[in-house]
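What follows is the content of upload_18.pdb, which has PDB, N, CA and C atoms and all ligand atoms:
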ATOM      1  N   MET A   1     -10.906  -1.821   7.794
ATOM      2  CA  MET A   1      -9.598  -2.441   7.823
ATOM      3  C   MET A   1      -8.520  -1.374   7.695
ATOM      4  N   ARG A   2      -7.309  -1.789   8.013
ATOM      5  CA  ARG A   2      -6.179  -0.879   7.885
ATOM      6  C   ARG A   2      -5.087  -1.590   7.073
ATOM      7  N   VAL A   3      -4.165  -0.819   6.533
ATOM      8  CA  VAL A   3      -2.999  -1.404   5.876
ATOM      9  C   VAL A   3      -1.752  -0.703   6.395
ATOM     10  N   SER A   4      -0.686  -1.442   6.456
ATOM     11  CA  SER A   4       0.595  -0.834   6.812
ATOM     12  C   SER A   4       1.665  -1.330   5.857
ATOM     13  N   VAL A   5       2.671  -0.492   5.663
ATOM     14  CA  VAL A   5       3.780  -0.826   4.771
ATOM     15  C   VAL A   5       5.066  -0.890   5.595
ATOM     16  N   ASP A   6       5.774  -1.998   5.479
ATOM     17  CA  ASP A   6       7.075  -2.147   6.127
ATOM     18  C   ASP A   6       8.117  -1.472   5.235
ATOM     19  N   LEU A   7       8.534  -0.294   5.631
ATOM     20  CA  LEU A   7       9.449   0.485   4.793
ATOM     21  C   LEU A   7      10.856  -0.091   4.760
ATOM     22  N   ASP A   8      11.158  -1.036   5.655
ATOM     23  CA  ASP A   8      12.448  -1.723   5.582
ATOM     24  C   ASP A   8      12.445  -2.773   4.466
ATOM     25  N   VAL A   9      11.240  -3.148   4.047
ATOM     26  CA  VAL A   9      11.089  -4.186   3.027
ATOM     27  C   VAL A   9      10.718  -3.580   1.674
ATOM     28  N   CYS A  10       9.914  -2.508   1.701
ATOM     29  CA  CYS A  10       9.448  -1.852   0.470
ATOM     30  C   CYS A  10      10.632  -1.427  -0.398
ATOM     31  N   GLN A  11      10.526  -1.766  -1.692
ATOM     32  CA  GLN A  11      11.602  -1.431  -2.629
ATOM     33  C   GLN A  11      11.172  -0.398  -3.670
ATOM     34  N   GLY A  12       9.951   0.132  -3.493
ATOM     35  CA  GLY A  12       9.518   1.220  -4.366
ATOM     36  C   GLY A  12       9.129   0.810  -5.769
ATOM     37  N   HIS A  13       8.622  -0.407  -5.915
ATOM     38  CA  HIS A  13       8.195  -0.842  -7.248
ATOM     39  C   HIS A  13       6.981  -0.069  -7.750
ATOM     40  N   GLY A  14       6.134   0.364  -6.824
ATOM     41  CA  GLY A  14       4.954   1.143  -7.200
ATOM     42  C   GLY A  14       3.744   0.337  -7.598
ATOM     43  N   VAL A  15       3.823  -0.980  -7.481
ATOM     44  CA  VAL A  15       2.680  -1.817  -7.841
ATOM     45  C   VAL A  15       1.470  -1.471  -6.969
ATOM     46  N   CYS A  16       1.705  -1.156  -5.720
ATOM     47  CA  CYS A  16       0.601  -0.833  -4.810
ATOM     48  C   CYS A  16      -0.142   0.411  -5.294
ATOM     49  N   HIS A  17       0.600   1.393  -5.730
ATOM     50  CA  HIS A  17      -0.024   2.630  -6.214
ATOM     51  C   HIS A  17      -0.822   2.371  -7.487
ATOM     52  N   MET A  18      -0.320   1.514  -8.349
ATOM     53  CA  MET A  18      -1.052   1.202  -9.576
ATOM     54  C   MET A  18      -2.327   0.418  -9.267
ATOM     55  N   SER A  19      -2.271  -0.425  -8.253
ATOM     56  CA  SER A  19      -3.438  -1.245  -7.907
ATOM     57  C   SER A  19      -4.469  -0.475  -7.097
ATOM     58  N   ALA A  20      -4.014   0.405  -6.232
ATOM     59  CA  ALA A  20      -4.917   1.138  -5.338
ATOM     60  C   ALA A  20      -4.399   2.570  -5.144
ATOM     61  N   PRO A  21      -4.548   3.402  -6.172
ATOM     62  CA  PRO A  21      -3.970   4.743  -6.105
ATOM     63  C   PRO A  21      -4.572   5.627  -5.020
ATOM     64  N   ALA A  22      -5.793   5.325  -4.604
ATOM     65  CA  ALA A  22      -6.390   6.130  -3.542
ATOM     66  C   ALA A  22      -5.797   5.800  -2.174
ATOM     67  N   VAL A  23      -5.263   4.599  -2.068
ATOM     68  CA  VAL A  23      -4.786   4.119  -0.768
ATOM     69  C   VAL A  23      -3.282   4.320  -0.609
ATOM     70  N   PHE A  24      -2.539   4.091  -1.686
ATOM     71  CA  PHE A  24      -1.075   4.142  -1.607
ATOM     72  C   PHE A  24      -0.529   5.228  -2.532
ATOM     73  N   GLU A  25       0.216   6.138  -1.964
ATOM     74  CA  GLU A  25       0.947   7.124  -2.747
ATOM     75  C   GLU A  25       2.428   6.756  -2.662
ATOM     76  N   LEU A  26       3.214   7.280  -3.590
ATOM     77  CA  LEU A  26       4.646   6.974  -3.564
ATOM     78  C   LEU A  26       5.431   8.209  -3.156
ATOM     79  N   ASP A  27       6.342   8.025  -2.238
ATOM     80  CA  ASP A  27       7.185   9.129  -1.785
ATOM     81  C   ASP A  27       7.977   9.676  -2.981
ATOM     82  N   PRO A  28       7.890  10.976  -3.260
ATOM     83  CA  PRO A  28       8.585  11.514  -4.430
ATOM     84  C   PRO A  28      10.102  11.414  -4.332
ATOM     85  N   ASP A  29      10.620  11.237  -3.152
ATOM     86  CA  ASP A  29      12.075  11.167  -2.991
ATOM     87  C   ASP A  29      12.623   9.766  -3.238
ATOM     88  N   ASP A  30      11.968   8.758  -2.640
ATOM     89  CA  ASP A  30      12.541   7.407  -2.748
ATOM     90  C   ASP A  30      11.556   6.371  -3.301
ATOM     91  N   ALA A  31      10.332   6.824  -3.662
ATOM     92  CA  ALA A  31       9.304   5.953  -4.253
ATOM     93  C   ALA A  31       8.753   4.926  -3.278
ATOM     94  N   HIS A  32       9.112   5.013  -2.008
ATOM     95  CA  HIS A  32       8.523   4.102  -1.042
ATOM     96  C   HIS A  32       7.054   4.451  -0.844
ATOM     97  N   SER A  33       6.299   3.445  -0.492
ATOM     98  CA  SER A  33       4.850   3.590  -0.408
ATOM     99  C   SER A  33       4.432   4.321   0.859
ATOM    100  N   ILE A  34       3.449   5.216   0.708
ATOM    101  CA  ILE A  34       2.887   5.946   1.835
ATOM    102  C   ILE A  34       1.387   5.678   1.857
ATOM    103  N   VAL A  35       0.901   5.196   2.994
ATOM    104  CA  VAL A  35      -0.540   4.927   3.122
ATOM    105  C   VAL A  35      -1.282   6.254   3.244
ATOM    106  N   GLN A  36      -2.272   6.433   2.363
ATOM    107  CA  GLN A  36      -3.032   7.681   2.322
ATOM    108  C   GLN A  36      -4.321   7.620   3.128
ATOM    109  N   LEU A  37      -4.894   6.448   3.253
ATOM    110  CA  LEU A  37      -6.200   6.315   3.893
ATOM    111  C   LEU A  37      -6.094   5.315   5.039
ATOM    112  N   ASP A  38      -6.249   5.798   6.250
ATOM    113  CA  ASP A  38      -6.099   4.945   7.431
ATOM    114  C   ASP A  38      -7.151   5.370   8.462
ATOM    115  N   PRO A  39      -8.187   4.577   8.630
ATOM    116  CA  PRO A  39      -8.440   3.268   8.028
ATOM    117  C   PRO A  39      -8.822   3.389   6.558
ATOM    118  N   VAL A  40      -8.823   2.229   5.890
ATOM    119  CA  VAL A  40      -9.204   2.186   4.478
ATOM    120  C   VAL A  40     -10.737   2.173   4.377
ATOM    121  N   PRO A  41     -11.332   3.141   3.683
ATOM    122  CA  PRO A  41     -12.793   3.127   3.507
ATOM    123  C   PRO A  41     -13.247   1.864   2.777
ATOM    124  N   ALA A  42     -14.446   1.438   3.073
ATOM    125  CA  ALA A  42     -14.971   0.175   2.538
ATOM    126  C   ALA A  42     -14.859   0.099   1.019
ATOM    127  N   GLU A  43     -15.070   1.204   0.346
ATOM    128  CA  GLU A  43     -15.065   1.156  -1.118
ATOM    129  C   GLU A  43     -13.677   0.922  -1.701
ATOM    130  N   TYR A  44     -12.638   1.072  -0.898
ATOM    131  CA  TYR A  44     -11.276   0.848  -1.386
ATOM    132  C   TYR A  44     -10.640  -0.422  -0.835
ATOM    133  N   GLU A  45     -11.387  -1.160  -0.022
ATOM    134  CA  GLU A  45     -10.794  -2.345   0.611
ATOM    135  C   GLU A  45     -10.363  -3.392  -0.417
ATOM    136  N   ALA A  46     -11.190  -3.630  -1.425
ATOM    137  CA  ALA A  46     -10.844  -4.658  -2.421
ATOM    138  C   ALA A  46      -9.557  -4.283  -3.145
ATOM    139  N   ASP A  47      -9.439  -3.019  -3.544
ATOM    140  CA  ASP A  47      -8.224  -2.572  -4.224
ATOM    141  C   ASP A  47      -7.011  -2.707  -3.307
ATOM    142  N   ALA A  48      -7.185  -2.389  -2.041
ATOM    143  CA  ALA A  48      -6.070  -2.472  -1.098
ATOM    144  C   ALA A  48      -5.593  -3.909  -0.936
ATOM    145  N   ARG A  49      -6.551  -4.838  -0.917
ATOM    146  CA  ARG A  49      -6.169  -6.255  -0.810
ATOM    147  C   ARG A  49      -5.438  -6.720  -2.067
ATOM    148  N   ILE A  50      -5.903  -6.272  -3.223
ATOM    149  CA  ILE A  50      -5.222  -6.620  -4.476
ATOM    150  C   ILE A  50      -3.790  -6.094  -4.443
ATOM    151  N   ALA A  51      -3.627  -4.872  -3.967
ATOM    152  CA  ALA A  51      -2.289  -4.281  -3.877
ATOM    153  C   ALA A  51      -1.395  -5.085  -2.945
ATOM    154  N   ALA A  52      -1.944  -5.484  -1.818
ATOM    155  CA  ALA A  52      -1.146  -6.260  -0.860
ATOM    156  C   ALA A  52      -0.705  -7.584  -1.475
ATOM    157  N   ASP A  53      -1.619  -8.230  -2.190
ATOM    158  CA  ASP A  53      -1.285  -9.512  -2.827
ATOM    159  C   ASP A  53      -0.279  -9.323  -3.965
ATOM    160  N   ALA A  54      -0.321  -8.150  -4.606
ATOM    161  CA  ALA A  54       0.527  -7.913  -5.776
ATOM    162  C   ALA A  54       1.915  -7.392  -5.407
ATOM    163  N   CYS A  55       2.088  -6.924  -4.197
ATOM    164  CA  CYS A  55       3.393  -6.354  -3.811
ATOM    165  C   CYS A  55       4.489  -7.402  -3.942
ATOM    166  N   PRO A  56       5.487  -7.175  -4.784
ATOM    167  CA  PRO A  56       6.538  -8.185  -4.997
ATOM    168  C   PRO A  56       7.358  -8.468  -3.752
ATOM    169  N   GLU A  57       7.410  -7.533  -2.841
ATOM    170  CA  GLU A  57       8.223  -7.701  -1.636
ATOM    171  C   GLU A  57       7.403  -8.164  -0.434
ATOM    172  N   ARG A  58       6.098  -8.334  -0.610
ATOM    173  CA  ARG A  58       5.209  -8.687   0.503
ATOM    174  C   ARG A  58       5.372  -7.690   1.653
ATOM    175  N   ALA A  59       5.448  -6.417   1.306
ATOM    176  CA  ALA A  59       5.703  -5.376   2.313
ATOM    177  C   ALA A  59       4.433  -4.842   2.960
ATOM    178  N   ILE A  60       3.284  -5.203   2.382
ATOM    179  CA  ILE A  60       2.018  -4.638   2.860
ATOM    180  C   ILE A  60       1.306  -5.644   3.759
ATOM    181  N   THR A  61       0.942  -5.174   4.925
ATOM    182  CA  THR A  61       0.157  -5.989   5.853
ATOM    183  C   THR A  61      -1.259  -5.454   5.902
ATOM    184  N   VAL A  62      -2.225  -6.342   5.736
ATOM    185  CA  VAL A  62      -3.636  -5.986   5.861
ATOM    186  C   VAL A  62      -4.081  -6.334   7.284
ATOM    187  N   ILE A  63      -4.670  -5.343   7.946
ATOM    188  CA  ILE A  63      -5.143  -5.524   9.322
ATOM    189  C   ILE A  63      -6.669  -5.435   9.295
ATOM    190  N   PRO A  64      -7.378  -6.542   9.492
ATOM    191  CA  PRO A  64      -8.846  -6.538   9.401
ATOM    192  C   PRO A  64      -9.485  -5.548  10.377
TER     193      PRO A  64
HETATM  194  S1  LIG B   1       4.389  -2.610  -4.281
HETATM  195 FE1  LIG B   1       5.315  -3.149  -2.306
HETATM  196  S2  LIG B   1       7.499  -2.833  -2.606
HETATM  197 FE2  LIG B   1       6.442  -1.737  -4.252
HETATM  198  S3  LIG B   1       6.163   0.373  -3.511
HETATM  199 FE3  LIG B   1       4.320  -0.783  -2.966
HETATM  200  S4  LIG B   1       4.716  -1.550  -0.868
HETATM  201 FE4  LIG B   1       6.670  -0.934  -1.753
END
Rewrite the structure from the file as structure tokens, please.
Ligand code: SF4
Amino acid sequence: MRVSVDLDVCQGHGVCHMSAPAVFELDPDDAHSIVQLDPVPAEYEADARIAADACPERAITVIP
């Protein structure tokens, strides 16, 4: 699977990084989310889905 972040929607809360630190890093300048693993390896898929569900802005799209 893959994940993408809509940077027009992302507000830099960092919940994604806390939920799936291997998948989402935060831009040091504006704290917007940067996808680190594309595609997402199988062992991180569950964490990535949790992050997508937890994002307060619904900025993360999961692509099966
Ligand atoms: S949780 Fe959502 S809004 Fe917050 S940094 Fe991650 S993608 Fe952006």
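Run against this file, the PyMOL selection byres (((not hetatm)) within 7 of (chain B and resi 1)) gives back Val5, Asp6, Val9, Cys10, Gln11, Gly12, His13, Gly14, Val15, Cys16, His17, Leu26, Ala31, His32, Ser33, Ile34, Ala51, Ala54, Cys55, Pro56, Glu57, Arg58, Ala59 and Ile60 of chain A.
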Exercise. Output the residue selection produced by the PyMOL selection byres (((chain A and resi 3) around 5) and not hetatm) on the file above, formatted as number ranges by chain.
Key: A: 1-2, 4-5, 61-63
Quiz item: In Å, with one decimal, what is the gap from CA of Leu37 in chain A to CA of Val23 in chain A?
Solution: 5.3 Å
Quiz item: How many Å lie between CA of Glu45 in chain A and CA of Pro28 in chain A, rounded to one decimal?
Solution: 24.4 Å
Quiz item: For Asp47 in chain A, which residue among A:Met18, A:Val35, A:Glu25, A:Asp30 is the nearest when counting only C-alpha atoms?
Solution: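 Among the listed residues, A:Met18 lies closest to Asp47 in chain A.
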